[in-house]
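Asks: One file: work00.cif (mmCIF, C-alpha atoms).
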data_start
#
loop_
_atom_site.label_atom_id
_atom_site.label_comp_id
_atom_site.auth_asym_id
_atom_site.auth_seq_id
_atom_site.Cartn_x
_atom_site.Cartn_y
_atom_site.Cartn_z
CA MET R 89 77.33 143.98 128.66
CA GLU R 90 76.26 142.76 132.08
CA LEU R 91 72.91 141.01 132.48
CA GLU R 92 70.68 140.70 135.50
CA THR R 93 70.48 137.08 136.65
CA THR R 94 69.05 135.20 139.60
CA ALA R 95 70.75 135.01 142.98
CA ASN R 96 71.96 131.45 142.32
CA THR R 97 73.62 132.19 138.99
CA SER R 98 76.08 134.67 137.54
CA PHE R 99 76.42 135.94 133.99
CA VAL R 100 79.38 134.50 132.04
CA ALA R 101 79.05 135.54 128.40
CA PHE R 102 76.68 135.89 125.48
CA ASP R 103 76.20 132.76 123.38
CA GLY R 104 75.71 132.89 119.64
CA GLY R 105 77.40 136.26 119.24
CA VAL R 106 77.64 139.45 121.26
CA GLN R 107 74.15 140.90 121.67
CA GLN R 108 72.98 144.44 122.46
CA LEU R 109 75.96 146.05 120.72
CA SER R 110 75.80 149.82 120.54
CA GLY R 111 76.16 151.71 117.29
CA GLU R 112 74.26 151.49 114.02
CA ASP R 113 77.38 150.57 112.04
CA THR R 114 77.86 147.26 113.82
CA ALA R 115 74.41 146.07 112.74
CA LEU R 116 75.43 146.56 109.10
CA ILE R 117 79.17 146.01 108.92
CA LEU R 118 79.47 142.81 110.98
CA PRO R 119 76.71 140.87 109.13
CA PHE R 120 78.22 141.96 105.80
CA VAL R 121 81.71 140.86 106.83
CA LEU R 122 80.50 137.50 108.13
CA GLY R 123 78.36 136.98 105.03
CA ALA R 124 81.30 137.64 102.73
CA ILE R 125 83.49 135.25 104.74
CA CYS R 126 80.77 132.58 104.58
CA ALA R 127 80.33 132.91 100.81
CA LEU R 128 84.08 132.81 100.18
CA GLY R 129 84.67 129.94 102.61
CA ILE R 130 81.80 127.73 101.46
CA GLY R 131 82.86 128.07 97.82
CA GLY R 132 86.49 127.34 98.66
CA ASN R 133 85.72 124.29 100.78
CA VAL R 134 83.37 122.86 98.16
CA LEU R 135 86.12 123.31 95.59
CA LEU R 136 88.61 121.65 97.95
CA LEU R 137 86.31 118.66 98.41
CA ALA R 138 85.90 118.35 94.63
CA VAL R 139 89.67 118.50 94.06
CA VAL R 140 90.35 115.95 96.81
CA THR R 141 87.72 113.62 95.32
CA ASN R 142 89.22 113.99 91.85
CA ASN R 143 92.71 113.34 93.23
CA VAL R 144 91.45 110.18 94.97
CA LYS R 145 89.98 108.94 91.68
CA THR R 146 93.31 109.59 89.95
CA THR R 147 95.88 108.38 92.49
CA GLY R 148 93.82 106.28 94.93
CA ALA R 149 92.55 106.83 98.46
CA SER R 150 94.84 107.55 101.41
CA ASP R 151 94.64 108.59 105.04
CA THR R 152 95.85 112.07 104.10
CA ALA R 153 93.03 112.55 101.60
CA ALA R 154 90.46 111.30 104.12
CA MET R 155 91.68 113.73 106.80
CA LEU R 156 91.70 116.62 104.32
CA ALA R 157 88.10 115.83 103.39
CA ASN R 158 87.15 115.70 107.07
CA LEU R 159 88.89 119.04 107.67
CA SER R 160 86.98 120.63 104.80
CA ALA R 161 83.68 119.20 106.08
CA THR R 162 84.38 120.69 109.51
CA ASP R 163 84.99 124.12 108.01
CA LEU R 164 81.80 123.80 105.96
CA LEU R 165 79.77 123.12 109.10
CA LEU R 166 81.26 126.14 110.84
CA LEU R 167 80.59 128.44 107.91
CA ALA R 168 77.16 127.08 106.97
CA LEU R 169 75.60 126.71 110.44
CA CYS R 170 77.49 128.73 113.05
CA ALA R 171 78.51 131.86 111.14
CA PRO R 172 75.01 132.71 109.76
CA ALA R 173 73.57 132.51 113.28
CA ARG R 174 76.16 135.04 114.48
CA ALA R 175 75.48 137.32 111.51
CA LEU R 176 71.75 137.27 112.26
CA THR R 177 72.43 138.01 115.93
CA TYR R 178 74.56 141.04 115.07
CA ARG R 179 71.90 142.26 112.65
CA LYS R 180 69.02 141.93 115.14
CA ARG R 181 71.13 142.69 118.26
CA ALA R 182 69.24 139.89 120.01
CA TRP R 183 68.70 136.13 119.77
CA THR R 184 65.84 135.22 117.41
CA LEU R 185 66.36 131.49 116.78
CA GLY R 186 64.65 130.03 119.86
CA SER R 187 65.73 128.25 123.02
CA VAL R 188 66.81 124.98 121.36
CA ALA R 189 69.21 126.76 119.00
CA CYS R 190 70.46 128.85 121.94
CA ARG R 191 71.53 125.73 123.82
CA MET R 192 73.06 124.11 120.73
CA THR R 193 74.96 126.99 119.13
CA GLU R 194 78.02 127.10 121.43
CA TRP R 195 78.14 123.33 121.73
CA LEU R 196 78.13 122.87 117.95
CA GLN R 197 80.74 125.54 117.36
CA HIS R 198 83.18 124.26 119.98
CA GLY R 199 82.55 120.69 118.83
CA CYS R 200 83.52 121.67 115.27
CA LEU R 201 86.61 123.47 116.55
CA ALA R 202 87.64 120.40 118.53
CA ALA R 203 87.03 118.17 115.50
CA LYS R 204 89.23 120.45 113.41
CA ALA R 205 92.03 120.29 115.96
CA PHE R 206 91.80 116.48 116.23
CA THR R 207 91.75 116.16 112.43
CA LEU R 208 94.88 118.28 112.07
CA ALA R 209 96.57 116.16 114.74
CA LEU R 210 95.69 112.93 112.90
CA LEU R 211 96.82 114.49 109.63
CA GLY R 212 100.18 115.28 111.19
CA ARG R 213 100.49 111.74 112.51
CA ALA R 214 99.63 110.28 109.09
CA ARG R 215 102.33 112.34 107.40
CA HIS R 216 104.86 111.47 110.12
CA ASP R 217 104.11 107.76 109.70
CA LEU R 218 104.49 108.14 105.94
CA HIS R 219 107.98 109.56 106.39
CA SER R 220 108.88 106.80 108.86
CA HIS R 221 107.36 103.95 106.83
CA VAL R 222 106.97 104.68 103.16
CA ALA R 223 104.33 101.99 102.60
CA SER R 224 102.06 102.99 105.48
CA ASP R 225 99.97 105.47 103.50
CA ALA R 226 99.44 102.97 100.71
CA GLN R 227 97.82 100.53 103.13
CA PHE R 228 94.54 102.42 103.16
CA LYS R 229 91.62 100.71 104.85
CA MET R 230 88.19 102.23 104.51
CA LYS R 231 86.82 100.62 107.68
CA ARG R 232 89.67 101.96 109.81
CA THR R 233 89.30 105.45 108.35
CA VAL R 234 85.54 105.54 108.95
CA MET R 235 86.02 104.39 112.54
CA THR R 236 88.70 107.04 113.07
CA ALA R 237 86.46 109.80 111.71
CA GLY R 238 83.59 108.58 113.88
CA ALA R 239 85.81 108.58 116.96
CA VAL R 240 87.02 112.10 116.16
CA TRP R 241 83.50 113.51 115.89
CA THR R 242 82.20 111.60 118.91
CA THR R 243 85.03 112.85 121.11
CA ALA R 244 84.85 116.37 119.73
CA LEU R 245 81.10 116.70 120.33
CA ALA R 246 81.34 115.13 123.79
CA PHE R 247 83.96 117.55 125.13
CA PRO R 248 81.86 120.77 125.05
CA VAL R 249 78.59 119.13 126.15
CA ALA R 250 78.57 121.32 129.26
CA ASP R 251 77.80 124.30 127.02
CA ILE R 252 74.32 122.85 126.52
CA VAL R 253 73.75 122.85 130.28
CA PHE R 254 75.01 126.37 130.94
CA SER R 255 73.36 128.09 127.94
CA ASN R 256 69.99 129.66 128.63
CA LEU R 257 67.51 131.99 126.90
CA HIS R 258 66.57 135.17 128.77
CA VAL R 259 63.55 137.21 127.73
CA LYS R 260 63.48 140.90 128.65
CA GLY R 261 60.22 142.31 127.36
CA ASN R 262 60.31 141.89 123.58
CA VAL R 263 64.05 141.11 123.49
CA SER R 264 65.45 137.58 123.81
CA LEU R 265 69.07 137.11 124.83
CA CYS R 266 71.07 133.88 124.65
CA VAL R 267 73.55 133.81 127.53
CA SER R 268 75.79 131.42 129.41
CA GLU R 269 75.18 131.34 133.16
CA LEU R 270 77.33 129.94 135.94
CA PRO R 271 75.46 128.26 138.84
CA LEU R 272 76.94 128.85 142.27
CA HIS R 273 77.09 125.16 143.15
CA SER R 274 79.14 124.32 140.02
CA SER R 275 81.81 127.00 140.27
CA LYS R 276 84.59 124.48 140.92
CA PHE R 277 83.53 122.36 137.97
CA VAL R 278 83.43 125.37 135.68
CA ARG R 279 86.88 126.45 136.84
CA VAL R 280 88.30 123.02 135.97
CA TYR R 281 86.23 122.78 132.79
CA GLY R 282 87.49 126.18 131.66
CA LYS R 283 91.05 124.86 131.80
CA VAL R 284 90.57 121.32 130.51
CA LEU R 285 88.56 122.10 127.37
CA PRO R 286 91.03 124.61 125.81
CA LEU R 287 93.93 122.30 126.60
CA ALA R 288 92.27 119.15 125.24
CA ALA R 289 90.52 120.70 122.24
CA TYR R 290 93.10 123.28 121.22
CA ALA R 291 96.56 123.29 122.80
CA VAL R 292 97.44 119.59 122.86
CA PRO R 293 96.21 118.69 119.32
CA PHE R 294 97.90 121.67 117.68
CA VAL R 295 101.19 121.11 119.51
CA PHE R 296 101.09 117.43 118.56
CA ALA R 297 100.37 118.24 114.89
CA THR R 298 103.17 120.82 114.80
CA VAL R 299 105.71 118.41 116.29
CA CYS R 300 104.72 115.71 113.77
CA HIS R 301 105.11 118.02 110.78
CA VAL R 302 108.43 119.43 112.00
CA ARG R 303 109.82 115.95 112.51
CA ALA R 304 108.61 114.93 109.06
CA ILE R 305 110.35 117.93 107.52
CA PHE R 306 113.63 117.16 109.28
CA LYS R 307 113.43 113.52 108.19
CA SER R 308 113.10 114.57 104.57
CA ILE R 309 116.16 116.88 104.64
CA PRO R 310 118.86 114.13 104.49
CA ARG R 311 117.11 112.62 101.47
CA ALA R 312 116.33 115.92 99.77
CA ARG R 313 118.03 114.77 96.55
CA GLU R 314 115.38 112.07 96.12
CA ALA R 315 112.34 113.37 94.28
CA SER R 316 109.85 111.49 96.46
CA ALA R 317 111.47 112.67 99.70
CA ALA R 318 111.57 116.27 98.53
CA ARG R 319 107.92 116.09 97.53
CA ARG R 320 106.92 114.68 100.92
CA GLY R 321 108.90 117.47 102.58
CA GLU R 322 106.98 120.09 100.58
CA ILE R 323 103.67 118.49 101.59
CA ALA R 324 104.68 118.47 105.25
CA LEU R 325 105.67 122.14 105.03
CA SER R 326 102.33 123.01 103.44
CA LEU R 327 100.37 121.18 106.13
CA LEU R 328 102.49 122.83 108.80
CA SER R 329 101.53 126.24 107.42
CA VAL R 330 97.82 125.31 107.55
CA THR R 331 98.21 124.07 111.13
CA ALA R 332 100.02 127.24 112.20
CA ALA R 333 97.45 129.50 110.51
CA ASN R 334 94.55 127.74 112.26
CA ALA R 335 96.36 127.76 115.61
CA LEU R 336 96.96 131.52 115.44
CA ALA R 337 93.42 132.27 114.21
CA LEU R 338 91.75 130.18 116.95
CA LEU R 339 93.89 131.56 119.77
CA PRO R 340 91.65 134.64 120.37
CA GLU R 341 88.51 132.47 120.46
CA TRP R 342 89.80 130.01 123.05
CA GLY R 343 91.54 132.77 125.01
CA ALA R 344 88.34 134.83 125.26
CA TRP R 345 86.33 131.72 126.16
CA ALA R 346 88.69 130.81 129.01
CA TRP R 347 88.83 134.43 130.15
CA ALA R 348 85.04 134.63 130.38
CA ARG R 349 84.85 131.43 132.49
CA HIS R 350 87.62 132.38 134.89
CA GLY R 351 86.62 136.03 135.24
CA ALA R 352 82.91 135.46 135.71
CA ARG R 353 83.02 135.72 139.51
CA GLU R 354 85.14 138.85 139.50
CA GLY R 355 83.00 140.52 136.83
CA CYS R 356 85.98 141.18 134.55
CA GLY R 357 85.01 139.41 131.37
CA PRO R 358 86.61 140.01 127.96
CA PRO R 359 85.58 143.17 126.07
CA ALA R 360 83.09 142.99 123.22
CA ALA R 361 85.72 144.03 120.67
CA LEU R 362 87.86 141.01 121.56
CA LEU R 363 84.89 138.65 121.26
CA VAL R 364 83.94 140.01 117.83
CA LEU R 365 87.56 139.86 116.64
CA ALA R 366 87.85 136.27 117.87
CA GLU R 367 84.80 135.19 115.88
CA VAL R 368 85.94 136.94 112.71
CA CYS R 369 89.41 135.33 112.96
CA MET R 370 87.87 131.92 113.60
CA TYR R 371 85.63 132.00 110.51
CA LEU R 372 88.34 133.60 108.43
CA ALA R 373 90.62 130.64 109.19
CA SER R 374 87.94 128.25 107.89
CA ALA R 375 87.58 130.34 104.75
CA LEU R 376 91.31 130.67 104.00
CA SER R 377 92.36 127.08 104.70
CA PRO R 378 91.23 125.84 101.24
CA ALA R 379 93.19 128.64 99.55
CA ILE R 380 96.35 127.70 101.46
CA LEU R 381 95.95 124.01 100.69
CA LEU R 382 95.12 124.44 97.01
CA SER R 383 97.99 126.87 96.43
CA THR R 384 100.76 125.15 98.42
CA LEU R 385 99.91 121.43 98.49
CA VAL R 386 101.52 120.01 95.35
CA PRO R 387 99.13 117.06 94.62
CA LEU R 388 96.04 119.23 95.04
CA ARG R 389 97.52 122.02 92.95
CA GLU R 390 98.36 119.61 90.14
CA SER R 391 94.90 118.02 90.32
CA LEU R 392 93.27 121.46 90.18
CA THR R 393 95.41 122.40 87.18
CA ARG R 394 94.45 119.21 85.33
CA SER R 395 90.79 119.81 86.07
CA CYS R 396 90.98 123.39 84.79
CA VAL R 397 92.75 122.28 81.60
CA ARG R 398 90.21 119.51 81.06
CA LEU R 399 87.34 121.92 81.62
CA ALA R 400 88.83 124.45 79.21
CA GLY R 401 89.29 121.71 76.59
CA ARG R 402 85.68 120.58 76.93
CA ARG R 403 84.49 124.17 76.62
CA ALA R 404 86.55 124.65 73.44
CA VAL R 405 85.15 121.42 71.96
CA ASN R 406 81.60 122.46 72.81
CA ASN R 407 82.15 125.87 71.21
CA ALA R 408 83.52 124.22 68.07
CA LYS R 409 80.51 121.89 67.89
CA THR R 410 78.16 124.83 68.30
CA GLN R 411 79.86 126.70 65.47
CA ARG R 412 79.67 123.66 63.19
CA ARG R 413 76.00 123.22 63.98
CA SER R 414 75.27 126.88 63.29
CA SER R 415 77.13 126.73 59.96
CA ALA R 416 75.41 123.46 59.06
CA SER R 417 72.01 124.93 59.84
CA GLU R 418 72.53 127.51 57.05
CA VAL R 419 72.63 124.71 54.42
CA GLY R 420 69.20 123.58 53.22
CA THR R 421 68.04 120.02 53.91
CA ASP R 422 65.05 118.00 52.76
CA GLU R 423 62.52 116.24 54.95
CA PHE R 424 64.88 113.25 55.38
CA GLY R 425 67.79 115.40 56.65
CA ARG R 426 69.76 115.15 53.38
CA THR R 427 71.69 118.24 52.31
CA LEU R 428 70.30 119.91 49.20
CA PRO R 429 72.81 121.01 46.53
CA ASP R 430 73.69 124.67 46.30
CA LEU R 431 72.10 125.81 43.01
CA GLU R 432 73.43 129.33 43.12
CA HIS R 433 76.63 128.49 41.23
CA PHE R 434 74.66 126.21 38.91
CA TRP R 435 72.44 129.00 37.68
CA SER R 436 75.09 131.72 37.75
CA GLY R 437 77.09 129.79 35.18
CA ARG R 438 74.09 129.69 32.92
CA GLN R 439 73.06 133.33 32.96
CA ASN R 440 73.14 135.01 29.51
CA PRO R 441 74.28 131.88 27.66
CA THR R 442 75.88 132.41 24.28
CA VAL R 443 73.72 131.16 21.43
CA PRO R 444 75.76 129.29 18.86
CA ASP R 445 75.89 130.93 15.47
CA ASN R 446 74.63 128.28 13.02
CA THR R 447 74.83 130.69 10.04
CA ASP R 448 78.63 130.72 9.98
CA PRO R 449 79.64 129.30 6.57
CA PHE R 450 83.11 128.35 7.80
CA PRO R 451 82.71 126.77 11.31
CA TRP R 452 86.01 124.86 11.16
CA GLU R 453 87.97 128.09 11.26
CA ARG R 454 86.41 129.00 14.67
CA LEU R 455 87.29 125.50 15.96
CA ASP R 456 90.95 125.99 14.98
CA GLN R 457 91.06 129.28 16.91
CA GLY R 458 89.75 127.55 20.08
CA ASN R 459 92.43 124.84 19.87
CA ALA R 460 95.14 127.46 19.51
CA GLU R 461 94.11 129.16 22.74
CA LEU R 462 94.46 125.91 24.72
#
How would this structure read if it were set down as C-alpha cells?

Replies:
Amino acid sequence: MELETTANTSFVAFDGGVQQLSGEDTALILPFVLGAICALGIGGNVLLLAVVTNNVKTTGASDTAAMLANLSATDLLLLALCAPARALTYRKRAWTLGSVACRMTEWLQHGCLAAKAFTLALLGRARHDLHSHVASDAQFKMKRTVMTAGAVWTTALAFPVADIVFSNLHVKGNVSLCVSELPLHSSKFVRVYGKVLPLAAYAVPFVFATVCHVRAIFKSIPRAREASAARRGEIALSLLSVTAANALALLPEWGAWAWARHGAREGCGPPAALLVLAEVCMYLASALSPAILLSTLVPLRESLTRSCVRLAGRRAVNNAKTQRRSSASEVGTDEFGRTLPDLEHFWSGRQNPTVPDNTDPFPWERLDQGNAEL
C-alpha cells in the first residue's frame, strides 16, 4: 500500500477509498455492499425528513425537529456524494473522478462528519434545556435556528480544510491514485492537526451530547409519574441511543485517520482491512440512524403511524371509487350522460303473453276465482 513520492513529501494514506486492493472479490463485494447501504440509507433518510416535516405541520416547529432535519440532511450528503465515490474507487481500483474531486472528497466527508457531531451536540443541549425549562422548546425562532445551522456547517467545513491542501492526484502510467501526502516542512502542523481535529470534530461533541442526554434522563426520573416527564425521558433515551450508535460507528474512522497521520513518518499506517471496515461502519451508521429514530422516538413513530393509516384510508377510498366507476360503466348512457333504463326485465315479463279468451260465455265466474286466490 506504499506509494513512491518525492523527497520532500511522504505518503500518508489513500483518499477517496483504498486503491489498488488485491483480489477480484473486493472489486465486486465492496461496491455491492456500499451500494446497498446507500440505497437503504437514502430511502430511510428521505422518509425521516418526510415524517419530521409532517410532525412539524401537526404539532409545530421546534429546535429538536430542526436538528433532526439537519442530522438527516448530513446523512443524505454522506450517502449520496461520499459513498458512491468510494464504491466507484473500489470497483476501478483507482481514482477516476479527476483532481478537483480528489482534493474535495476527504474534506467533504470529514466536514459532514463534523456537522453530524455538532448537530448531535446541539440536539442534546436542546433536550437538556427542555427538561430544565419546559417552555424553552416552545419558543422557537426561525432566524435563530437558521443562524445556528449556518454556524454548524461553516465550522464543520472549516475544520478539515487542511485535507484540501494535503490531497493530491498521482498518475502512474494509465492509473490515477488519489493520496494524502505530508510535506516535510509541515510535520509539526500535521502532528497537531491530527490530534485537534478528532478531538474537536468527534470526541468533544459526542461526550457533550451524551452528558446532556444522561442529565435529561436523570431529571425526568423524579417526575416519572407525570405523563409529559415520562415522555420526555423516553425521547432523551432514544436520542442517547442514536448518539451512542454514531459514536461507536465513527470510532474506527477517526481512529484510522489519526493513526495514518501519526504513523506516516514511521511507515506504520493502518491496514487496508481496518480502513475498509471504518468506511463501512461510517456509512452504515448514516443508514441505520433513521431506523433507530423512527422506531424509538415516540413523536416520530406516532406521526409515521398516522401517515400510514391515512395513506391506507386514501388507497381504500380510491379502490372503492374505481369499483363504482367500473360498475357504473356497465350501465348504458345516452349522449347526455343520462342512464338508460334496463329493458331486460321489461321484455322478459312480456314474453309469451296470455291472450284473453273472449269466447268464454261466463266471464264472471273466472273473475270470482281470481278474487278467491287473493

Asks: Taking the file above as input, evaluate the PyMOL selection byres ((chain R and resi 199) around 12) and report the hits as a ChimeraX atom specification.

Replies: /R:162-163,165-166,170,192-198,200-206,240-252,285-286,288-290

Asks: If we count all atoms listed in the file and set the cut-off at 7 Å, which residues sit around Tyr178 of chain R, ignoring sequence neighbours fewer than 4 positions away in its own chain? Please answer as a compact mmCIF listing (two decimals) with C-alpha atoms, in the coordinates of the input.

Replies:
# COMPACT_ATOMS: atom_id res chain seq x y z
CA GLY R 105 77.40 136.26 119.24
CA GLN R 107 74.15 140.90 121.67
CA ALA R 115 74.41 146.07 112.74
CA LEU R 118 79.47 142.81 110.98
CA PRO R 119 76.71 140.87 109.13
CA ARG R 174 76.16 135.04 114.48

Asks: Output as AutoDock Vina command-line options the centre and edge lengths (Å, one decimal) of the box along x, y and z of the file that holds every listed atom of segment 384-389 of chain R after adding 4 Å on each side.

Replies:
--center_x 98.8 --center_y 121.1 --center_z 95.7 --size_x 13.5 --size_y 16.1 --size_z 13.5

Asks: How would you write, as a PyMOL selection string, the residues chosen by the PyMOL selection byres ((chain R and resi 237) around 12) on this structure?

Replies: chain R and resi 151+154-159+161-162+203-204+206-208+210-211+230-236+238-244

Asks: Rounded to one decimal place, report the atom CA of Glu390 of chain R-atom CA of Ala408 of chain R distance in Å.

Replies: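 Between atom CA of Glu390 of chain R and atom CA of Ala408 of chain R the gap is 27.0 Å.
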
Asks: Restricting the calculation to all atoms listed in the file: of R:Val284, R:Arg213, R:Gly401, R:Ile130, which residue gets closest to Pro172 of chain R?

Replies: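 Selected residue with least distance to Pro172 of chain R: R:Ile130.
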
Asks: Using the chain letters and numbers from the file, which residues does the PyMOL selection byres ((chain R and resi 363) around 12) grab, as a short mmCIF file (atom, residue, chain, number, x, y, z; two decimals) with C-alpha atoms, in the frame of the given file?

Replies:
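Final output, saved to out-v5.cif:
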data_model
loop_
_atom_site.label_atom_id
_atom_site.label_comp_id
_atom_site.auth_asym_id
_atom_site.auth_seq_id
_atom_site.Cartn_x
_atom_site.Cartn_y
_atom_site.Cartn_z
CA MET R 89 77.33 143.98 128.66
CA ALA R 101 79.05 135.54 128.40
CA PHE R 102 76.68 135.89 125.48
CA ASP R 103 76.20 132.76 123.38
CA GLY R 104 75.71 132.89 119.64
CA GLY R 105 77.40 136.26 119.24
CA VAL R 106 77.64 139.45 121.26
CA GLN R 107 74.15 140.90 121.67
CA LEU R 109 75.96 146.05 120.72
CA ARG R 174 76.16 135.04 114.48
CA LEU R 338 91.75 130.18 116.95
CA LEU R 339 93.89 131.56 119.77
CA PRO R 340 91.65 134.64 120.37
CA GLU R 341 88.51 132.47 120.46
CA TRP R 342 89.80 130.01 123.05
CA GLY R 343 91.54 132.77 125.01
CA ALA R 344 88.34 134.83 125.26
CA TRP R 345 86.33 131.72 126.16
CA ALA R 346 88.69 130.81 129.01
CA TRP R 347 88.83 134.43 130.15
CA ALA R 348 85.04 134.63 130.38
CA GLY R 357 85.01 139.41 131.37
CA PRO R 358 86.61 140.01 127.96
CA PRO R 359 85.58 143.17 126.07
CA ALA R 360 83.09 142.99 123.22
CA ALA R 361 85.72 144.03 120.67
CA LEU R 362 87.86 141.01 121.56
CA VAL R 364 83.94 140.01 117.83
CA LEU R 365 87.56 139.86 116.64
CA ALA R 366 87.85 136.27 117.87
CA GLU R 367 84.80 135.19 115.88
CA VAL R 368 85.94 136.94 112.71
CA CYS R 369 89.41 135.33 112.96
CA MET R 370 87.87 131.92 113.60
#

Asks: If you count only C-alpha atoms, which residues fall within 12 Å of Ala127 of chain R, apart from same-chain ones fewer than 3 positions away, as number ranges by chain?

Replies: R: 120-124, 130-134, 164, 167-168, 171-172, 371-372, 374-376

Asks: For atom CA of Trp183 of chain R and atom CA of Asn256 of chain R, quote the distance in Å rounded to one decimal.

Replies: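 Interatomic distance, atom CA of Trp183 of chain R to atom CA of Asn256 of chain R: 11.0 Å.
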
Asks: Give me, please, the distance in Å between atom CA of Asn334 of chain R and atom CA of Arg179 of chain R, quoted to one decimal.

Replies: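 Atom-to-atom, atom CA of Asn334 of chain R to atom CA of Arg179 of chain R, that is 26.9 Å.
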
Asks: Could you tell me which of R:Cys190, R:Leu218, R:Phe254, R:Phe294 comes closest to Tyr281 of chain R if we count only C-alpha atoms?

Replies: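 Using only C-alpha atoms, Tyr281 of chain R sits closest to R:Phe254.
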
Asks: With a distance cut-off of 10 Å and only C-alpha atoms, select the neighbouring residues of Gly186 of chain R, excluding the residue or stretch itself and same-chain residues fewer than 4 positions from it, and output the selection as number ranges by chain.

Replies: R: 190-191, 257, 264-266

Asks: Write a file of the selected residues as a CSV table (one decimal), in the coordinates of the input, keeping C-alpha atoms.

Replies:
chain,number,residue,atom,x,y,z
R,190,CYS,CA,70.5,128.8,121.9
R,191,ARG,CA,71.5,125.7,123.8
R,257,LEU,CA,67.5,132.0,126.9
R,264,SER,CA,65.4,137.6,123.8
R,265,LEU,CA,69.1,137.1,124.8
R,266,CYS,CA,71.1,133.9,124.6

Asks: Check the smallest atom-to-atom distance from each of R:Ser268, R:Ser377, R:Asn407, R:Thr152 to Arg215 of chain R using only C-alpha atoms, then report the winner.

Replies: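 Closest to Arg215 of chain R, using only C-alpha atoms: R:Thr152.
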
Asks: Using all atoms listed in the file, which of the listed residues (R:Ala149, R:Ala138, R:Ala373, R:Val267) sits closest to Val253 of chain R?

Replies: R:Val267

Asks: Ranking R:Ser383, R:Gln108, R:Ser98, R:Asn143 by minimum distance to Lys260 of chain R and counting only C-alpha atoms, which one comes first?

Replies: R:Gln108

Asks: So, counting all atoms listed in the file, which residue among R:Leu385, R:Leu287, R:Thr114, R:Leu272 is closest to Ala324 of chain R?

Replies: R:Leu385

Asks: List the neighbours of Thr384 of chain R out to 12 Å using only C-alpha atoms; skip same-chain residues closer than 5 positions along the sequence, and give me the result as a compact mmCIF listing (two decimals) with C-alpha atoms, in the coordinates of the input.

Replies:
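Saved to out06.txt:
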# COMPACT_ATOMS: atom_id res chain seq x y z
CA ARG R 319 107.92 116.09 97.53
CA GLY R 321 108.90 117.47 102.58
CA GLU R 322 106.98 120.09 100.58
CA ILE R 323 103.67 118.49 101.59
CA ALA R 324 104.68 118.47 105.25
CA LEU R 325 105.67 122.14 105.03
CA SER R 326 102.33 123.01 103.44
CA LEU R 327 100.37 121.18 106.13
CA LEU R 328 102.49 122.83 108.80
CA SER R 329 101.53 126.24 107.42
CA VAL R 330 97.82 125.31 107.55
CA SER R 377 92.36 127.08 104.70
CA PRO R 378 91.23 125.84 101.24
CA ALA R 379 93.19 128.64 99.55
CA ARG R 389 97.52 122.02 92.95
CA GLU R 390 98.36 119.61 90.14
CA LEU R 392 93.27 121.46 90.18
